[in-house]
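A.B. asks: One structure, as structure tokens, below. Some questions next.
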Amino acid sequence: MTAPAHSLSPVLEQADRTLDAALERLFAFLRIPSISTQPEHADDCRRAAQWLRDELDGLGFDVTLHETPGHPILVAHDRTPPAGPHVLFYGHYDVQPVDPLELWESGPFEPKLVTGENGAKCIVARGASDDKGQVMTFIEAIRAIRATGGQMPVRISLLIEGEEECGGPSLLPFMETHRTELRADVGLICDTAMLPGVPAITTTLRGMLGEEVHLRCASRDLHSGIYGNAARNPAEVLCQILSSIRDEATGRVTLPGFYAGVQESAPELRARWREIAPDDATFLGEVGLSRPAGEKGYTAIEQTWCRPSFEINGISSGYTGAGFKTVLPGEAVAKVSFRLVAGQDPVHIRQAFCSHVRNMVPDDCTVTFTPCGGSVASALPDDAFGLQPALDALGAEWNTPAVTIGCGGSIPVAADMQRVLGMPALLVGFALDDDRAHSPNEKYDLAAFHKGMRSWIRILHAMAATDA
């Protein structure tokens with residue numbers, strides 16, 4: 001059930017009328033170089049948090065900046081909350097580094113409105129899509145509601161952090177400590193993508209497990225002419241070990257117990273996804289590929305949205321500089337990751353991986369492991385609170401039925417909201433896959449920013465008509 005049109009119209013018109021002013025505020029936010037991974041930008045991260053604090057304070061929220069071992073976490077609550085459902089909005093104010101700087105067509109923190117080759121206007125700056133532009137769609141929706149009536153249709157709290165791009169080490173302990181204050185009926189996360197012209201809510205997210213493997217054979221690099229054949233080559237050994245983890249015929253991961261707990265997606269869901277992306281070549285063509293390379297029997301979309309995977313992210317060994325050097329390396333290093341689906345335990349997967357590697361290491365070689373983080377997957381049931389009203393509201397705004405999709409990436413806060421706060425999390429995003437998040441010339445379509453504001457207005461009104 002959605003709010004009647006007469007209550008929405010003035011608010012939507014206000015969002016349309018004040019788009020230019022909203023864009024100027026977004027530009028001011030984007031000019032702050034809040035790169036969380038680089039210590040020299042710590043003051044900029046704090047400045048971004050303070051900028052948000054001032055904006056929300058002016059919109060009638062009680063705002064607290066909580067100190068953490070890293071960057072501040074902002075929590076805001078409506079000073080005059082209405083009765084009814086309570087929503088907690090999550091976003092982040094930190095951004096990725098800008099390297100390589102020479103590939104940017106304009107300054108990363110000098111936001112510009114440009115017209116693309118397709119004629120569409122877009123905002124270009126670091127953080128435009130991930131995640132400042134998306135955060136501001138929600139805040140500008142609040143502003144439009146305040147300007148036309150004052151009170152929010154639902155009780156609203158906000159949780160905005162500054163470490164998402166550096167692993168979010170402070171967020172989970174903060175949520176555990178403040179779970180009573182943060183608990184709501186539903187979490188709203190705006191850090192995902194939609195399909196071109198088709199609004200979407202992401203209902204499945206893969207978890208992730210990362211590991212760095214160091215394999216040493218000889219005590220030093222050797223002359224390959226003198227020692228080659230006789231001395232063990234760690235690069236060769238490591239490649240053999242890693243290649244054994246995926247079965248060549250089936251594409252399945254070979255670790256014992258890897259698929260324990262993995263459930264098949266419902267046939268109707270798989271059919272819906274095939275309608276969205278019927279052609280593997282279309283999905284892969286954008287990156288110059290045409291055929292899925294992973295688990296047999298699943299489309300490219302299914303392989304990334306609902307199936308677990310093992311990937312080699314990088315290998316380093318021996319001499320890799322210019323020219324040629326006949327060296328037999330003493331050590332080889334690999335960075336690997338597993339993307340996990342609901343039902344898989346990162347701790348078990350890590351143990352199985354390390355055991356597999358150790359069992360294949362020759363007697364005169366040694367191996368060490370460095371964990372690189374892990375998170376569980378999350379899956380939202382079809383009857384989750386607020387899901388259907390949000391889908392209806394999105395469909396009304398975009399004039400096409402909204403869909404539920406999966407995401408091959410990992411957003412740990414979604415699972416943390418479910419596990420720590422005991423509430424579902426709706427991932428409603430307006431980014432596009434070609435927004436170049438984390439890359440030079442990051443952009444966010446102006447239409448996505450504008451309709452994102454309007455979408456949140458509709459969603460919040462729709463939530464008001466939902467029984468908590």
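Following the order of the structure tokens, chains are lettered A, B, ..., residues in each are numbered from 1, and ligands are numbered from 1.
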Would you please extract all helix (DSSP H, G or I) residues from range 68-141 of chain A, as assigned by DSSP on the backbone, and give them as a PyMOL selection string?

C.D. replies: chain A and resi 101-103+132-141

A.B. asks: Next, dump the selected residues to file, keeping only C-alpha atoms, as a compact mmCIF listing (two decimals), in the first residue's frame.

C.D. replies:
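part-v6.txt, written as the output of this step:
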# COMPACT_ATOMS: atom_id res chain seq x y z
CA LEU A 101 45.58 10.67 -10.91
CA GLU A 102 46.78 11.17 -14.50
CA LEU A 103 43.78 9.25 -15.83
CA LYS A 132 28.21 10.50 -1.28
CA GLY A 133 25.75 10.97 -4.12
CA GLN A 134 23.65 8.08 -2.86
CA VAL A 135 23.72 9.33 0.74
CA MET A 136 22.55 12.73 -0.41
CA THR A 137 19.53 11.29 -2.26
CA PHE A 138 18.17 10.29 1.15
CA ILE A 139 19.10 13.52 2.90
CA GLU A 140 17.57 15.61 0.12
CA ALA A 141 14.38 13.53 0.35

A.B. asks: Give me the residues near Arg246 in chain A as an mmCIF file with N, CA and C atoms, in the first residue's frame, where near means some atom within 12 Å (using only C-alpha atoms) and where sequence neighbours in that chain fewer than 4 positions away do not count.

C.D. replies:
data_model
loop_
_atom_site.group_PDB
_atom_site.id
_atom_site.type_symbol
_atom_site.label_atom_id
_atom_site.label_comp_id
_atom_site.auth_asym_id
_atom_site.auth_seq_id
_atom_site.Cartn_x
_atom_site.Cartn_y
_atom_site.Cartn_z
ATOM 1 N N CYS A 239 51.382 -22.229 -8.149
ATOM 2 C CA CYS A 239 50.421 -22.290 -9.255
ATOM 3 C C CYS A 239 49.723 -23.641 -9.304
ATOM 4 N N GLN A 240 50.466 -24.719 -9.068
ATOM 5 C CA GLN A 240 49.866 -26.048 -9.065
ATOM 6 C C GLN A 240 48.834 -26.180 -7.943
ATOM 7 N N ILE A 241 49.191 -25.677 -6.778
ATOM 8 C CA ILE A 241 48.279 -25.765 -5.633
ATOM 9 C C ILE A 241 46.997 -24.986 -5.908
ATOM 10 N N LEU A 242 47.144 -23.744 -6.357
ATOM 11 C CA LEU A 242 45.969 -22.898 -6.570
ATOM 12 C C LEU A 242 45.095 -23.429 -7.697
ATOM 13 N N THR A 250 34.118 -29.122 -14.148
ATOM 14 C CA THR A 250 32.844 -28.619 -13.635
ATOM 15 C C THR A 250 32.888 -27.162 -13.196
ATOM 16 N N GLY A 251 34.077 -26.628 -12.963
ATOM 17 C CA GLY A 251 34.199 -25.269 -12.457
ATOM 18 C C GLY A 251 33.932 -25.147 -10.968
ATOM 19 N N ARG A 252 33.686 -26.265 -10.303
ATOM 20 C CA ARG A 252 33.367 -26.230 -8.880
ATOM 21 C C ARG A 252 34.636 -26.162 -8.033
ATOM 22 N N VAL A 253 34.515 -25.569 -6.858
ATOM 23 C CA VAL A 253 35.616 -25.498 -5.904
ATOM 24 C C VAL A 253 35.764 -26.862 -5.240
ATOM 25 N N THR A 254 36.989 -27.323 -5.123
ATOM 26 C CA THR A 254 37.242 -28.699 -4.688
ATOM 27 C C THR A 254 37.469 -28.845 -3.187
ATOM 28 N N LEU A 255 37.497 -27.778 -2.423
ATOM 29 C CA LEU A 255 37.760 -27.885 -0.990
ATOM 30 C C LEU A 255 36.690 -28.727 -0.306
ATOM 31 N N PRO A 256 37.070 -29.659 0.563
ATOM 32 C CA PRO A 256 36.077 -30.474 1.273
ATOM 33 C C PRO A 256 35.100 -29.604 2.062
ATOM 34 N N PHE A 258 33.084 -27.360 1.033
ATOM 35 C CA PHE A 258 32.917 -25.981 0.569
ATOM 36 C C PHE A 258 31.454 -25.646 0.311
ATOM 37 N N ALA A 293 33.091 -18.529 -17.313
ATOM 38 C CA ALA A 293 34.210 -19.441 -17.112
ATOM 39 C C ALA A 293 34.107 -20.239 -15.822
ATOM 40 N N GLY A 294 33.098 -20.012 -15.018
ATOM 41 C CA GLY A 294 33.036 -20.636 -13.702
ATOM 42 C C GLY A 294 32.237 -21.915 -13.667
ATOM 43 N N GLU A 295 31.374 -22.020 -12.679
ATOM 44 C CA GLU A 295 30.633 -23.241 -12.401
ATOM 45 C C GLU A 295 29.656 -23.567 -13.528
ATOM 46 N N LYS A 296 29.764 -24.764 -14.058
ATOM 47 C CA LYS A 296 28.915 -25.178 -15.176
ATOM 48 C C LYS A 296 27.456 -25.296 -14.720
ATOM 49 N N PRO A 308 28.891 -19.437 -4.911
ATOM 50 C CA PRO A 308 30.187 -19.096 -4.314
ATOM 51 C C PRO A 308 31.317 -19.272 -5.322
ATOM 52 N N SER A 309 32.438 -18.621 -5.069
ATOM 53 C CA SER A 309 33.540 -18.692 -6.024
ATOM 54 C C SER A 309 34.882 -18.621 -5.317
ATOM 55 N N PHE A 310 35.907 -19.012 -6.064
ATOM 56 C CA PHE A 310 37.294 -18.870 -5.630
ATOM 57 C C PHE A 310 38.033 -18.114 -6.714
ATOM 58 N N GLU A 311 38.773 -17.077 -6.313
ATOM 59 C CA GLU A 311 39.487 -16.270 -7.301
ATOM 60 C C GLU A 311 40.917 -16.008 -6.841
ATOM 61 N N ILE A 312 41.834 -16.009 -7.791
ATOM 62 C CA ILE A 312 43.218 -15.602 -7.550
ATOM 63 C C ILE A 312 43.320 -14.132 -7.921
ATOM 64 N N PHE A 338 37.629 -15.766 -1.614
ATOM 65 C CA PHE A 338 36.441 -16.573 -1.820
ATOM 66 C C PHE A 338 35.240 -15.654 -1.655
ATOM 67 N N PHE A 353 40.834 -24.235 3.299
ATOM 68 C CA PHE A 353 41.804 -23.734 2.331
ATOM 69 C C PHE A 353 43.229 -23.910 2.850
#

A.B. asks: Please list as a count of residues only every residue within 9 Å of Val333 in chain A, counting only C-alpha atoms and excluding residues in the same chain fewer than 3 positions away.

C.D. replies: 12

A.B. asks: Taking only C-alpha atoms into account, name the residue in A:Ser129, A:Thr115, A:Ser265, A:Thr148 that is nearest to Asp191 in chain A.

C.D. replies: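 Going through A:Ser129, A:Thr115, A:Ser265, A:Thr148 one by one, the smallest distance to Asp191 in chain A is for A:Ser129.
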
A.B. asks: For each of A:Ala431, A:Gly408, A:Ala231, A:Val98, take the minimum atom-to-atom distance to His450 in chain A, counting only C-alpha atoms, then give the residue where this is smallest.

C.D. replies: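 Ranking A:Ala431, A:Gly408, A:Ala231, A:Val98 by distance to His450 in chain A, first place goes to A:Ala431.
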
A.B. asks: Got a sec: who's within 7 Å of Asp44 in chain A, counting only C-alpha atoms, leaving out chain neighbours fewer than 4 positions off, as a PyMOL selection string?

C.D. replies: chain A and resi 32-34+48

A.B. asks: Could you save the residues just selected, with C-alpha atoms, as a CSV table (one decimal), in the first residue's frame?

C.D. replies:
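Writing the result to out.csv gives the following:
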chain,number,residue,atom,x,y,z
A,32,ILE,CA,36.0,17.2,0.7
A,33,PRO,CA,38.7,14.6,0.0
A,34,SER,CA,37.7,12.1,2.7
A,48,ALA,CA,33.1,15.3,6.0

A.B. asks: Would you mind writing down, as an mmCIF file with N, CA and C atoms, in the first residue's frame, each residue of range 286-349 of chain A that DSSP on the backbone assigns to strand (DSSP E)?

C.D. replies:
data_model
loop_
_atom_site.group_PDB
_atom_site.id
_atom_site.type_symbol
_atom_site.label_atom_id
_atom_site.label_comp_id
_atom_site.auth_asym_id
_atom_site.auth_seq_id
_atom_site.Cartn_x
_atom_site.Cartn_y
_atom_site.Cartn_z
ATOM 1 N N SER A 309 32.438 -18.621 -5.069
ATOM 2 C CA SER A 309 33.540 -18.692 -6.024
ATOM 3 C C SER A 309 34.882 -18.621 -5.317
ATOM 4 N N PHE A 310 35.907 -19.012 -6.064
ATOM 5 C CA PHE A 310 37.294 -18.870 -5.630
ATOM 6 C C PHE A 310 38.033 -18.114 -6.714
ATOM 7 N N GLU A 311 38.773 -17.077 -6.313
ATOM 8 C CA GLU A 311 39.487 -16.270 -7.301
ATOM 9 C C GLU A 311 40.917 -16.008 -6.841
ATOM 10 N N ILE A 312 41.834 -16.009 -7.791
ATOM 11 C CA ILE A 312 43.218 -15.602 -7.550
ATOM 12 C C ILE A 312 43.320 -14.132 -7.921
ATOM 13 N N ASN A 313 43.584 -13.305 -6.944
ATOM 14 C CA ASN A 313 43.593 -11.860 -7.168
ATOM 15 C C ASN A 313 44.956 -11.303 -7.548
ATOM 16 N N GLY A 314 46.004 -12.059 -7.256
ATOM 17 C CA GLY A 314 47.327 -11.588 -7.622
ATOM 18 C C GLY A 314 48.389 -12.596 -7.243
ATOM 19 N N ILE A 315 49.422 -12.712 -8.078
ATOM 20 C CA ILE A 315 50.555 -13.590 -7.805
ATOM 21 C C ILE A 315 51.839 -12.806 -8.051
ATOM 22 N N SER A 316 52.808 -12.973 -7.157
ATOM 23 C CA SER A 316 54.085 -12.282 -7.299
ATOM 24 C C SER A 316 55.209 -13.245 -6.963
ATOM 25 N N SER A 317 56.211 -13.292 -7.846
ATOM 26 C CA SER A 317 57.360 -14.152 -7.587
ATOM 27 C C SER A 317 58.469 -13.816 -8.574
ATOM 28 N N VAL A 327 66.336 -15.769 -13.058
ATOM 29 C CA VAL A 327 66.336 -16.043 -11.625
ATOM 30 C C VAL A 327 65.357 -17.168 -11.319
ATOM 31 N N LEU A 328 65.717 -17.993 -10.371
ATOM 32 C CA LEU A 328 64.802 -18.984 -9.822
ATOM 33 C C LEU A 328 64.395 -18.457 -8.452
ATOM 34 N N GLU A 331 60.816 -17.343 -3.224
ATOM 35 C CA GLU A 331 59.496 -17.207 -2.593
ATOM 36 C C GLU A 331 58.456 -16.849 -3.638
ATOM 37 N N ALA A 332 57.242 -17.262 -3.394
ATOM 38 C CA ALA A 332 56.094 -16.872 -4.218
ATOM 39 C C ALA A 332 54.961 -16.452 -3.287
ATOM 40 N N VAL A 333 54.235 -15.421 -3.700
ATOM 41 C CA VAL A 333 53.147 -14.881 -2.885
ATOM 42 C C VAL A 333 51.883 -14.793 -3.740
ATOM 43 N N ALA A 334 50.760 -15.180 -3.168
ATOM 44 C CA ALA A 334 49.484 -15.056 -3.868
ATOM 45 C C ALA A 334 48.446 -14.454 -2.940
ATOM 46 N N LYS A 335 47.604 -13.631 -3.511
ATOM 47 C CA LYS A 335 46.447 -13.092 -2.795
ATOM 48 C C LYS A 335 45.214 -13.738 -3.416
ATOM 49 N N VAL A 336 44.418 -14.385 -2.585
ATOM 50 C CA VAL A 336 43.238 -15.092 -3.086
ATOM 51 C C VAL A 336 42.010 -14.666 -2.293
ATOM 52 N N SER A 337 40.852 -14.871 -2.890
ATOM 53 C CA SER A 337 39.609 -14.543 -2.197
ATOM 54 C C SER A 337 38.537 -15.562 -2.545
ATOM 55 N N PHE A 338 37.629 -15.766 -1.614
ATOM 56 C CA PHE A 338 36.441 -16.573 -1.820
ATOM 57 C C PHE A 338 35.240 -15.654 -1.655
ATOM 58 N N ARG A 339 34.317 -15.718 -2.594
ATOM 59 C CA ARG A 339 33.024 -15.055 -2.422
ATOM 60 C C ARG A 339 32.044 -16.121 -1.958
ATOM 61 N N LEU A 340 31.378 -15.851 -0.859
ATOM 62 C CA LEU A 340 30.546 -16.843 -0.187
ATOM 63 C C LEU A 340 29.073 -16.479 -0.266
#

A.B. asks: Got a sec: who's within 9 Å of Thr80 in chain A, counting only C-alpha atoms, leaving out chain neighbours fewer than 4 positions off, as a short mmCIF file (atom, residue, chain, number, x, y, z; two decimals) with C-alpha atoms, in the first residue's frame?

C.D. replies:
data_model
loop_
_atom_site.label_atom_id
_atom_site.label_comp_id
_atom_site.auth_asym_id
_atom_site.auth_seq_id
_atom_site.Cartn_x
_atom_site.Cartn_y
_atom_site.Cartn_z
CA GLY A 60 15.72 18.75 12.75
CA PHE A 61 17.87 15.81 13.84
CA GLN A 151 7.12 15.84 10.16
CA MET A 152 8.53 12.70 8.60
CA ARG A 155 10.55 7.60 12.41
#

A.B. asks: Which residue is closest to Arg419 in chain A? Choose from A:Leu172, A:Asp364, A:His86, A:Gly406 and count only C-alpha atoms.

C.D. replies: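 For Arg419 in chain A, the nearest of the given residues is A:Leu172.
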
A.B. asks: When you count only C-alpha atoms, which of these residues is closest to His71 in chain A: A:Ile145, A:Leu52, A:Leu171, A:Leu269?

C.D. replies: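 With only C-alpha atoms as the atom set, the closest residue is A:Leu171.
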
A.B. asks: Could you tell me how far CA of Gly297 in chain A lies from CA of Thr404 in chain A, in Å and to one decimal?

C.D. replies: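 Answer for the CA of Gly297 in chain A to CA of Thr404 in chain A separation: 21.8 Å.
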
A.B. asks: In Å, with one decimal, what is the gap from CA of Val361 in chain A to CA of Gly330 in chain A?

C.D. replies: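 These two atoms are separated by 14.2 Å.
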
A.B. asks: Find the residues around Leu188 in chain A up to 12 Å (only C-alpha atoms counted), leave out those fewer than 6 positions away in its own chain, and share them as a ChimeraX atom specification.

C.D. replies: /A:86-91,134-135,138,156-160,201-203,385-387,390,413-414,417-418,423-429,456,459-460,463

A.B. asks: Could you please take those selected residues and save N, CA and C atoms as a tab-separated table (two decimals), in the first residue's frame?

C.D. replies:
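Result file follows (again36.tsv):
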chain	number	residue	atom	x	y	z
A	86	HIS	N	9.89	2.43	12.25
A	86	HIS	CA	11.17	3.09	12.48
A	86	HIS	C	12.15	2.55	11.45
A	87	VAL	N	12.82	3.43	10.69
A	87	VAL	CA	13.80	3.01	9.71
A	87	VAL	C	15.17	3.55	10.10
A	88	LEU	N	16.20	2.76	9.82
A	88	LEU	CA	17.59	3.17	10.05
A	88	LEU	C	18.29	3.21	8.71
A	89	PHE	N	18.72	4.40	8.30
A	89	PHE	CA	19.42	4.57	7.03
A	89	PHE	C	20.92	4.48	7.26
A	90	TYR	N	21.60	3.70	6.40
A	90	TYR	CA	23.05	3.55	6.47
A	90	TYR	C	23.70	4.06	5.19
A	91	GLY	N	24.83	4.73	5.36
A	91	GLY	CA	25.67	5.14	4.24
A	91	GLY	C	27.07	5.40	4.75
A	134	GLN	N	24.76	8.93	-3.31
A	134	GLN	CA	23.65	8.08	-2.86
A	134	GLN	C	23.16	8.51	-1.47
A	135	VAL	N	24.10	8.83	-0.59
A	135	VAL	CA	23.72	9.33	0.74
A	135	VAL	C	22.86	10.59	0.61
A	138	PHE	N	19.02	10.48	-0.04
A	138	PHE	CA	18.17	10.29	1.15
A	138	PHE	C	18.04	11.58	1.93
A	156	ILE	N	12.77	8.23	11.65
A	156	ILE	CA	14.02	8.06	10.89
A	156	ILE	C	15.23	8.23	11.79
A	157	SER	N	16.16	7.29	11.67
A	157	SER	CA	17.49	7.43	12.25
A	157	SER	C	18.51	7.21	11.14
A	158	LEU	N	19.69	7.76	11.31
A	158	LEU	CA	20.74	7.58	10.32
A	158	LEU	C	22.02	7.12	10.99
A	159	LEU	N	22.73	6.22	10.32
A	159	LEU	CA	24.03	5.71	10.75
A	159	LEU	C	24.97	5.86	9.56
A	160	ILE	N	25.93	6.77	9.66
A	160	ILE	CA	26.82	7.05	8.53
A	160	ILE	C	28.26	6.96	9.03
A	201	ILE	N	15.98	-3.70	-5.91
A	201	ILE	CA	16.39	-3.88	-4.52
A	201	ILE	C	17.24	-5.14	-4.47
A	202	THR	N	18.44	-5.01	-3.96
A	202	THR	CA	19.35	-6.15	-3.85
A	202	THR	C	18.98	-6.96	-2.62
A	203	THR	N	18.65	-8.24	-2.83
A	203	THR	CA	18.21	-9.08	-1.72
A	203	THR	C	19.23	-10.16	-1.35
A	385	PHE	N	10.11	-7.20	6.13
A	385	PHE	CA	9.37	-5.97	6.40
A	385	PHE	C	9.78	-4.87	5.41
A	386	GLY	N	8.79	-4.27	4.79
A	386	GLY	CA	9.01	-3.12	3.93
A	386	GLY	C	9.43	-3.44	2.51
A	387	LEU	N	9.74	-4.72	2.21
A	387	LEU	CA	10.25	-5.03	0.88
A	387	LEU	C	9.21	-4.75	-0.21
A	390	ALA	N	8.39	-1.02	-0.70
A	390	ALA	CA	9.51	-0.32	-1.35
A	390	ALA	C	9.55	-0.64	-2.84
A	413	VAL	N	27.67	-4.72	6.26
A	413	VAL	CA	26.71	-4.09	7.17
A	413	VAL	C	25.31	-4.68	7.01
A	414	ALA	N	24.97	-5.19	5.83
A	414	ALA	CA	23.64	-5.77	5.63
A	414	ALA	C	23.45	-6.99	6.53
A	417	MET	N	23.37	-5.93	10.22
A	417	MET	CA	22.06	-5.43	10.66
A	417	MET	C	21.14	-6.59	11.01
A	418	GLN	N	21.17	-7.63	10.19
A	418	GLN	CA	20.31	-8.78	10.46
A	418	GLN	C	20.74	-9.51	11.72
A	423	MET	N	17.16	-7.06	12.41
A	423	MET	CA	16.20	-6.45	11.49
A	423	MET	C	16.66	-6.66	10.05
A	424	PRO	N	15.71	-6.70	9.12
A	424	PRO	CA	16.10	-6.84	7.71
A	424	PRO	C	16.73	-5.57	7.19
A	425	ALA	N	17.49	-5.71	6.11
A	425	ALA	CA	18.13	-4.56	5.48
A	425	ALA	C	17.77	-4.55	4.00
A	426	LEU	N	17.16	-3.45	3.55
A	426	LEU	CA	16.81	-3.29	2.15
A	426	LEU	C	17.92	-2.50	1.46
A	427	LEU	N	18.51	-3.09	0.45
A	427	LEU	CA	19.58	-2.42	-0.29
A	427	LEU	C	18.98	-1.78	-1.53
A	428	VAL	N	18.73	-0.48	-1.42
A	428	VAL	CA	18.10	0.28	-2.50
A	428	VAL	C	19.15	1.27	-3.02
A	429	GLY	N	19.65	1.03	-4.21
A	429	GLY	CA	20.67	1.90	-4.76
A	429	GLY	C	20.31	2.38	-6.15
A	456	TRP	N	13.11	7.92	-2.65
A	456	TRP	CA	13.10	7.83	-1.18
A	456	TRP	C	11.85	8.49	-0.60
A	459	ILE	N	9.25	5.91	-0.99
A	459	ILE	CA	9.46	4.75	-0.11
A	459	ILE	C	9.10	5.08	1.32
A	460	LEU	N	9.52	6.24	1.81
A	460	LEU	CA	9.23	6.61	3.19
A	460	LEU	C	7.73	6.75	3.43
A	463	MET	N	6.36	3.23	3.54
A	463	MET	CA	6.65	2.57	4.82
A	463	MET	C	5.66	2.99	5.92

A.B. asks: Here is a test: counting only C-alpha atoms, which residue of A:Gly70, A:Gly127, A:Gly225, A:Gly150 is nearest to Gln96 in chain A?

C.D. replies: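 Looking at the shortest contact to Gln96 in chain A, the residue is A:Gly127.
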
A.B. asks: Which is closer to Val154 in chain A than all the others in A:Val347, A:Leu380, A:Ala448, A:Ala184, using only C-alpha atoms?

C.D. replies: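 Once distances to Val154 in chain A are computed over only C-alpha atoms, the minimum belongs to A:Ala184.
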
A.B. asks: Kindly give the distance, in Å, that separates CA of Lys443 in chain A and CA of Leu209 in chain A, rounded to a single decimal.

C.D. replies: 28.8 Å

A.B. asks: Give me the residues near range 228-230 of chain A as a list in words, where near means some atom within 12 Å (using only C-alpha atoms) and where sequence neighbours in that chain fewer than 6 positions away do not count.

C.D. replies: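 Surrounding residues, per the criterion: Cys217, Ala218, Asp221, Leu222, Glu236, Thr326, Val327, Leu328, Pro329 and Gly330 of chain A.
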
A.B. asks: Could the residues in this selection be written to a file with N, CA and C atoms, as a CSV table (one decimal), in the first residue's frame?

C.D. replies:
chain,number,residue,atom,x,y,z
A,217,CYS,N,60.7,-21.7,-0.7
A,217,CYS,CA,61.5,-23.0,-1.0
A,217,CYS,C,62.9,-22.7,-0.6
A,218,ALA,N,63.7,-22.3,-1.6
A,218,ALA,CA,65.1,-22.0,-1.3
A,218,ALA,C,65.3,-20.8,-0.4
A,221,ASP,N,66.9,-16.1,-3.7
A,221,ASP,CA,66.8,-16.3,-5.2
A,221,ASP,C,68.0,-17.0,-5.7
A,222,LEU,N,67.8,-17.8,-6.8
A,222,LEU,CA,68.9,-18.6,-7.3
A,222,LEU,C,69.1,-18.3,-8.8
A,236,GLU,N,56.1,-22.3,-9.4
A,236,GLU,CA,55.4,-23.4,-10.0
A,236,GLU,C,54.6,-24.2,-9.0
A,326,THR,N,67.4,-14.2,-15.4
A,326,THR,CA,67.2,-15.7,-15.3
A,326,THR,C,67.4,-16.1,-13.8
A,327,VAL,N,66.3,-15.8,-13.1
A,327,VAL,CA,66.3,-16.0,-11.6
A,327,VAL,C,65.4,-17.2,-11.3
A,328,LEU,N,65.7,-18.0,-10.4
A,328,LEU,CA,64.8,-19.0,-9.8
A,328,LEU,C,64.4,-18.5,-8.5
A,329,PRO,N,63.1,-18.0,-8.3
A,329,PRO,CA,62.8,-17.3,-7.1
A,329,PRO,C,62.8,-18.2,-5.8
A,330,GLY,N,63.1,-17.6,-4.7
A,330,GLY,CA,63.0,-18.3,-3.5
A,330,GLY,C,61.7,-18.3,-2.8
